[in-house]
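Containing TSV, C-alpha atoms: run07.tsv.
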chain	number	residue	atom	x	y	z
A	1	MET	CA	0.00	0.00	0.00
A	2	THR	CA	1.47	3.35	-1.06
A	3	ARG	CA	0.27	6.91	-0.82
A	4	THR	CA	1.72	10.25	-1.79
A	5	ALA	CA	2.66	12.45	1.14
A	6	GLY	CA	0.12	15.14	1.87
A	7	PRO	CA	0.56	18.92	1.91
A	8	GLY	CA	3.03	20.23	4.47
A	9	ASN	CA	4.98	16.96	4.60
A	10	LEU	CA	8.06	15.85	2.75
A	11	LYS	CA	7.57	14.97	-0.89
A	12	GLY	CA	7.68	11.31	-1.80
A	13	MET	CA	5.86	8.05	-1.38
A	14	VAL	CA	4.92	6.42	1.90
A	15	SER	CA	4.61	2.65	2.13
A	16	LEU	CA	4.75	-0.03	4.78
A	17	GLU	CA	8.23	-0.83	3.50
A	18	THR	CA	9.41	2.67	4.37
A	19	VAL	CA	7.49	3.05	7.65
A	20	ILE	CA	8.41	-0.32	9.19
A	21	VAL	CA	12.06	-0.87	10.04
A	22	PRO	CA	13.45	-4.18	11.36
A	23	PRO	CA	15.20	-4.46	14.73
A	24	PRO	CA	18.95	-3.94	14.43
A	25	GLU	CA	21.34	-6.85	14.33
A	26	PRO	CA	23.52	-7.51	17.40
A	27	GLY	CA	26.26	-4.94	17.66
A	28	HIS	CA	24.59	-2.56	15.20
A	29	ILE	CA	23.94	1.05	16.24
A	30	LEU	CA	20.91	2.83	14.80
A	31	ASP	CA	21.61	5.48	12.17
A	32	PHE	CA	18.65	7.85	12.24
A	33	GLU	CA	19.94	9.86	9.30
A	34	ALA	CA	19.94	6.70	7.20
A	35	LEU	CA	16.51	5.62	8.50
A	36	PHE	CA	14.84	8.90	7.57
A	37	GLY	CA	16.98	9.87	4.61
A	38	ARG	CA	17.90	13.23	6.09
A	39	ARG	CA	19.48	14.84	9.13
A	40	GLY	CA	17.01	16.51	11.47
A	41	PRO	CA	15.59	16.52	14.99
A	42	VAL	CA	14.59	13.02	16.14
A	43	GLU	CA	11.90	12.25	18.71
A	44	MET	CA	11.35	8.72	20.01
A	45	GLU	CA	8.18	7.32	21.53
A	46	ILE	CA	8.41	4.10	23.51
A	47	GLY	CA	5.10	2.27	23.52
A	48	SER	CA	3.61	4.05	20.51
A	49	GLY	CA	0.45	1.91	20.56
A	50	LYS	CA	-1.94	2.75	17.74
A	51	GLY	CA	0.22	5.69	16.71
A	52	GLY	CA	-2.16	8.52	17.53
A	53	PHE	CA	0.42	10.69	19.27
A	54	LEU	CA	3.04	10.09	16.59
A	55	LEU	CA	0.60	10.78	13.78
A	56	ARG	CA	-0.53	14.08	15.25
A	57	GLN	CA	2.99	15.27	16.00
A	58	ALA	CA	4.49	14.15	12.70
A	59	ARG	CA	1.80	15.97	10.73
A	60	ALA	CA	2.20	19.11	12.85
A	61	HIS	CA	6.02	19.08	12.59
A	62	PRO	CA	7.15	17.79	9.19
A	63	GLU	CA	10.61	19.19	9.89
A	64	ARG	CA	11.10	16.63	12.68
A	65	ASP	CA	11.49	12.85	12.50
A	66	TYR	CA	9.56	10.47	14.75
A	67	PHE	CA	10.69	6.99	15.74
A	68	GLY	CA	8.14	4.77	17.47
A	69	VAL	CA	8.76	1.47	19.27
A	70	GLU	CA	5.90	-0.90	20.06
A	71	TRP	CA	5.89	-4.56	21.14
A	72	ALA	CA	2.20	-5.49	20.71
A	73	ASN	CA	1.95	-6.65	17.12
A	74	LYS	CA	-1.70	-5.68	16.54
A	75	TYR	CA	-1.06	-2.10	17.68
A	76	PHE	CA	2.22	-1.94	15.77
A	77	ARG	CA	0.53	-3.03	12.53
A	78	TYR	CA	-2.39	-0.68	13.07
A	79	ALA	CA	-0.04	2.27	13.61
A	80	ALA	CA	2.05	1.46	10.56
A	81	ASP	CA	-1.01	1.23	8.34
A	82	ARG	CA	-2.25	4.48	9.81
A	83	MET	CA	0.93	6.31	8.79
A	84	VAL	CA	0.61	4.98	5.26
A	85	ARG	CA	-3.08	5.93	4.98
A	86	TRP	CA	-2.27	9.48	6.06
A	87	GLY	CA	0.82	9.66	3.88
A	88	VAL	CA	3.15	10.60	6.73
A	89	PRO	CA	6.78	10.31	5.60
A	90	ASN	CA	8.57	11.34	8.79
A	91	VAL	CA	7.63	8.36	10.99
A	92	ARG	CA	9.45	5.06	11.34
A	93	LEU	CA	8.13	2.20	13.47
A	94	MET	CA	9.95	-0.78	14.97
A	95	ARG	CA	8.55	-3.80	16.78
A	96	THR	CA	11.10	-4.77	19.39
A	97	ASP	CA	11.92	-4.73	23.10
A	98	ALA	CA	12.43	-1.06	23.93
A	99	ARG	CA	14.72	-1.59	26.91
A	100	HIS	CA	17.10	-3.80	24.94
A	101	LEU	CA	17.03	-1.34	22.05
A	102	MET	CA	17.88	1.61	24.28
A	103	LEU	CA	20.62	-0.26	26.09
A	104	HIS	CA	22.39	-1.61	23.04
A	105	HIS	CA	21.39	0.19	19.85
A	106	VAL	CA	20.45	3.85	20.33
A	107	PRO	CA	23.48	6.09	19.82
A	108	PRO	CA	24.56	8.69	22.38
A	109	ALA	CA	23.20	12.23	22.01
A	110	SER	CA	20.90	11.23	19.16
A	111	LEU	CA	17.43	12.14	20.50
A	112	ASP	CA	15.86	15.57	20.74
A	113	ALA	CA	12.91	14.21	22.72
A	114	LEU	CA	11.87	10.96	24.37
A	115	HIS	CA	8.21	10.18	25.07
A	116	VAL	CA	7.24	7.33	27.40
A	117	TYR	CA	3.52	7.26	28.08
A	118	HIS	CA	1.89	4.53	30.18
A	119	PRO	CA	4.63	1.88	30.20
A	120	ASP	CA	3.40	-1.49	31.45
A	121	PRO	CA	3.59	-1.34	35.27
A	122	TRP	CA	3.86	-5.12	35.68
A	123	PRO	CA	2.18	-4.82	39.11
A	124	LYS	CA	2.93	-8.32	40.40
A	125	LYS	CA	6.16	-8.40	42.38
A	126	ARG	CA	7.52	-11.41	40.49
A	127	HIS	CA	7.16	-9.44	37.25
A	128	HIS	CA	8.90	-6.25	38.40
A	129	LYS	CA	12.08	-7.25	36.57
A	130	ARG	CA	10.15	-6.84	33.30
A	131	ARG	CA	9.48	-3.16	33.92
A	132	LEU	CA	10.99	-0.72	31.48
A	133	PHE	CA	12.22	1.65	34.16
A	134	GLN	CA	15.29	0.10	35.70
A	135	PRO	CA	18.52	1.96	36.61
A	136	GLU	CA	20.30	0.71	33.49
A	137	PHE	CA	17.47	1.85	31.22
A	138	VAL	CA	17.40	5.34	32.73
A	139	GLU	CA	21.16	5.61	32.37
A	140	ALA	CA	20.98	4.57	28.72
A	141	ALA	CA	18.08	6.94	28.00
A	142	VAL	CA	19.94	9.88	29.53
A	143	ARG	CA	22.94	9.00	27.40
A	144	ALA	CA	20.79	8.96	24.26
A	145	LEU	CA	19.40	12.47	24.85
A	146	ARG	CA	21.11	15.46	23.33
A	147	PRO	CA	21.87	18.43	25.61
A	148	GLY	CA	18.62	20.37	25.88
A	149	ALA	CA	16.49	17.39	24.88
A	150	ARG	CA	13.13	16.78	26.54
A	151	TRP	CA	11.97	13.58	28.29
A	152	ALA	CA	8.27	13.29	29.13
A	153	ILE	CA	6.84	10.39	31.15
A	154	GLN	CA	3.26	9.53	32.04
A	155	THR	CA	1.61	6.66	33.94
A	156	ASP	CA	-1.62	5.87	35.76
A	157	ASP	CA	0.11	3.62	38.32
A	158	LEU	CA	1.12	5.53	41.45
A	159	ALA	CA	3.53	2.92	42.80
A	160	TYR	CA	5.33	2.72	39.47
A	161	PHE	CA	5.34	6.51	39.17
A	162	GLN	CA	7.11	6.81	42.50
A	163	ILE	CA	9.80	4.42	41.31
A	164	ILE	CA	10.14	6.27	38.00
A	165	ARG	CA	10.43	9.62	39.80
A	166	GLU	CA	13.08	8.25	42.16
A	167	LEU	CA	15.15	6.81	39.32
A	168	THR	CA	14.98	9.88	37.11
A	169	ALA	CA	15.43	12.44	39.91
A	170	ALA	CA	18.67	10.69	40.86
A	171	ARG	CA	20.22	11.61	37.51
A	172	PRO	CA	22.08	14.95	37.81
A	173	GLU	CA	21.91	15.37	34.02
A	174	LEU	CA	18.11	15.83	34.20
A	175	SER	CA	16.39	19.04	35.28
A	176	PRO	CA	12.63	19.09	35.93
A	177	THR	CA	10.56	21.13	33.48
A	178	ASP	CA	6.88	21.78	32.80
A	179	PHE	CA	5.00	18.81	31.42
A	180	ASP	CA	2.90	21.13	29.26
A	181	ASP	CA	4.72	21.99	26.04
A	182	PRO	CA	2.60	22.34	22.88
A	183	GLN	CA	5.69	21.98	20.68
A	184	TYR	CA	6.09	18.46	22.04
A	185	GLY	CA	2.44	17.47	21.98
A	186	THR	CA	1.27	18.14	25.54
A	187	VAL	CA	-1.41	20.76	26.08
A	188	GLY	CA	-3.34	21.13	29.32
A	189	GLU	CA	-1.37	18.14	30.60
A	190	ARG	CA	-2.95	16.00	27.91
A	191	THR	CA	-1.08	13.86	25.40
A	192	GLU	CA	-4.24	12.32	23.89
A	193	THR	CA	-2.73	8.86	23.63
A	194	ASN	CA	-5.21	5.99	23.47
A	195	PHE	CA	-4.37	4.84	26.99
A	196	GLU	CA	-4.68	8.34	28.42
A	197	ILE	CA	-8.10	8.84	26.82
A	198	LYS	CA	-9.25	5.45	28.11
A	199	TYR	CA	-7.94	5.93	31.63
A	200	LEU	CA	-9.34	9.43	32.02
A	201	ARG	CA	-12.76	8.14	30.96
A	202	GLU	CA	-12.41	5.54	33.71
A	203	GLY	CA	-11.66	8.28	36.22
A	204	ARG	CA	-8.08	7.23	36.88
A	205	THR	CA	-5.47	9.71	38.12
A	206	ILE	CA	-2.64	10.36	35.67
A	207	TYR	CA	0.88	11.04	36.98
A	208	ARG	CA	3.32	13.02	34.85
A	209	LEU	CA	6.99	14.05	34.77
A	210	ALA	CA	9.11	16.01	32.32
A	211	TYR	CA	12.82	16.77	32.22
A	212	ARG	CA	15.41	18.62	30.19
A	213	ARG	CA	18.79	17.08	29.57
A	214	GLN	CA	21.64	19.29	30.78
If you took the structure in this file and wrote it as structure tokens, what would it be?
Amino acid sequence: MTRTAGPGNLKGMVSLETVIVPPPEPGHILDFEALFGRRGPVEMEIGSGKGGFLLRQARAHPERDYFGVEWANKYFRYAADRMVRWGVPNVRLMRTDARHLMLHHVPPASLDALHVYHPDPWPKKRHHKRRLFQPEFVEAAVRALRPGARWAIQTDDLAYFQIIRELTAARPELSPTDFDDPQYGTVGERTETNFEIKYLREGRTIYRLAYRRQ
């Protein structure tokens, strides 16, 4: 399936073959310039779900490139098809384990923004080791951010939020900043991701953090 990019986006054709990128081979470091065919600001979303946030941001900011990582295959496929249907050329999607990717394949100082909204809290104690937010992940994520880059985090799980806040606040390279930033897709403390919409309808409390990389 192929569609010409719409007005305001880069010229060219958008297909599943261009949107979907395979996980890197062992020892290989991602080259975002090669993935997008140009050098520009790169924003990464971990847990991109159905792609609503990426789609909205990519259409609003054609000068930026958006890299989404999603493990659930049905959401990953839905998001990829969505990008093709809208003819969005500045999004790439990868189905892989985000923690492994960040630890071993994302180059230092390569991201202008990192979005992590509603990571799986794995509430059972025996599953805590599966959580995304571990000290080694936070260290790798900080390393991947350029100076001045933004990191926004959102969850509906208070216990997990407290752990996330403790881990991130311990990094001297990160300075707290306002969660609201329309340039990065948050207005009125809303990101409008599918999970956020669902959880707010259910009356859940949403916990949010944002940082700037020193």
Check: atom CA of Ile163 of chain A to atom CA of Phe133 of chain A: how many Å, to one decimal?
Finding: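 Straight-line distance from atom CA of Ile163 of chain A to atom CA of Phe133 of chain A works out to 8.0 Å.
Considering only C-alpha atoms, the residue among A:Tyr75, A:Gln154, A:Pro182, A:Glu33 positioned nearest to Tyr199 of chain A is A:Gln154.
Taking atom CA of Ala144 of chain A and atom CA of Val106 of chain A as the two end points, the separation is 6.5 Å.
For the pair atom CA of Asp97 of chain A and atom CA of Thr155 of chain A, the interatomic distance is 18.8 Å.
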Next item on the list: Find the residue from A:Arg95, A:Arg56, A:Lys125, A:Arg131 that sits nearest to Gln183 of chain A; use all atoms listed in the file when measuring.
Entry: A:Arg56
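Minimum distance to Asp157 of chain A across A:Arg126, A:Arg99, A:Arg208, A:His28 (counting only C-alpha atoms) occurs at A:Arg208.
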Next item on the list: Point out the residue among A:Ala72, A:Ala109, A:Ala152, A:Ala140 with the least atom-to-atom distance to Glu45 of chain A, counting only C-alpha atoms.
Entry: A:Ala152
Which residues of segment 96-198 of chain A come within 12 Å of segment 14-27 of chain A, and for each one, what is the closest pair of atoms and their distance in Å to one decimal, counting only C-alpha atoms, sorted by chain and residue number, as JSON lines?
{"residue": "A:Thr96", "atom": "CA", "partner": "A:Pro23", "partner_atom": "CA", "distance": 6.2}
{"residue": "A:Asp97", "atom": "CA", "partner": "A:Pro23", "partner_atom": "CA", "distance": 9.0}
{"residue": "A:Ala98", "atom": "CA", "partner": "A:Pro23", "partner_atom": "CA", "distance": 10.2}
{"residue": "A:His100", "atom": "CA", "partner": "A:Pro23", "partner_atom": "CA", "distance": 10.4}
{"residue": "A:Leu101", "atom": "CA", "partner": "A:Pro23", "partner_atom": "CA", "distance": 8.2}
{"residue": "A:Met102", "atom": "CA", "partner": "A:Pro24", "partner_atom": "CA", "distance": 11.4}
{"residue": "A:Leu103", "atom": "CA", "partner": "A:Gly27", "partner_atom": "CA", "distance": 11.2}
{"residue": "A:His104", "atom": "CA", "partner": "A:Gly27", "partner_atom": "CA", "distance": 7.4}
{"residue": "A:His105", "atom": "CA", "partner": "A:Pro24", "partner_atom": "CA", "distance": 7.2}
{"residue": "A:Val106", "atom": "CA", "partner": "A:Pro24", "partner_atom": "CA", "distance": 9.9}
{"residue": "A:Pro107", "atom": "CA", "partner": "A:Gly27", "partner_atom": "CA", "distance": 11.6}
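Using only C-alpha atoms, the smallest distance between any of A:Pro135, A:Pro62, A:Pro176, A:Gly87 and Arg212 of chain A comes from A:Pro176.
With distances restricted to only C-alpha atoms, A:Val138 is the closest residue to Ala170 of chain A from A:Val88, A:Met44, A:Leu209, A:Val138.
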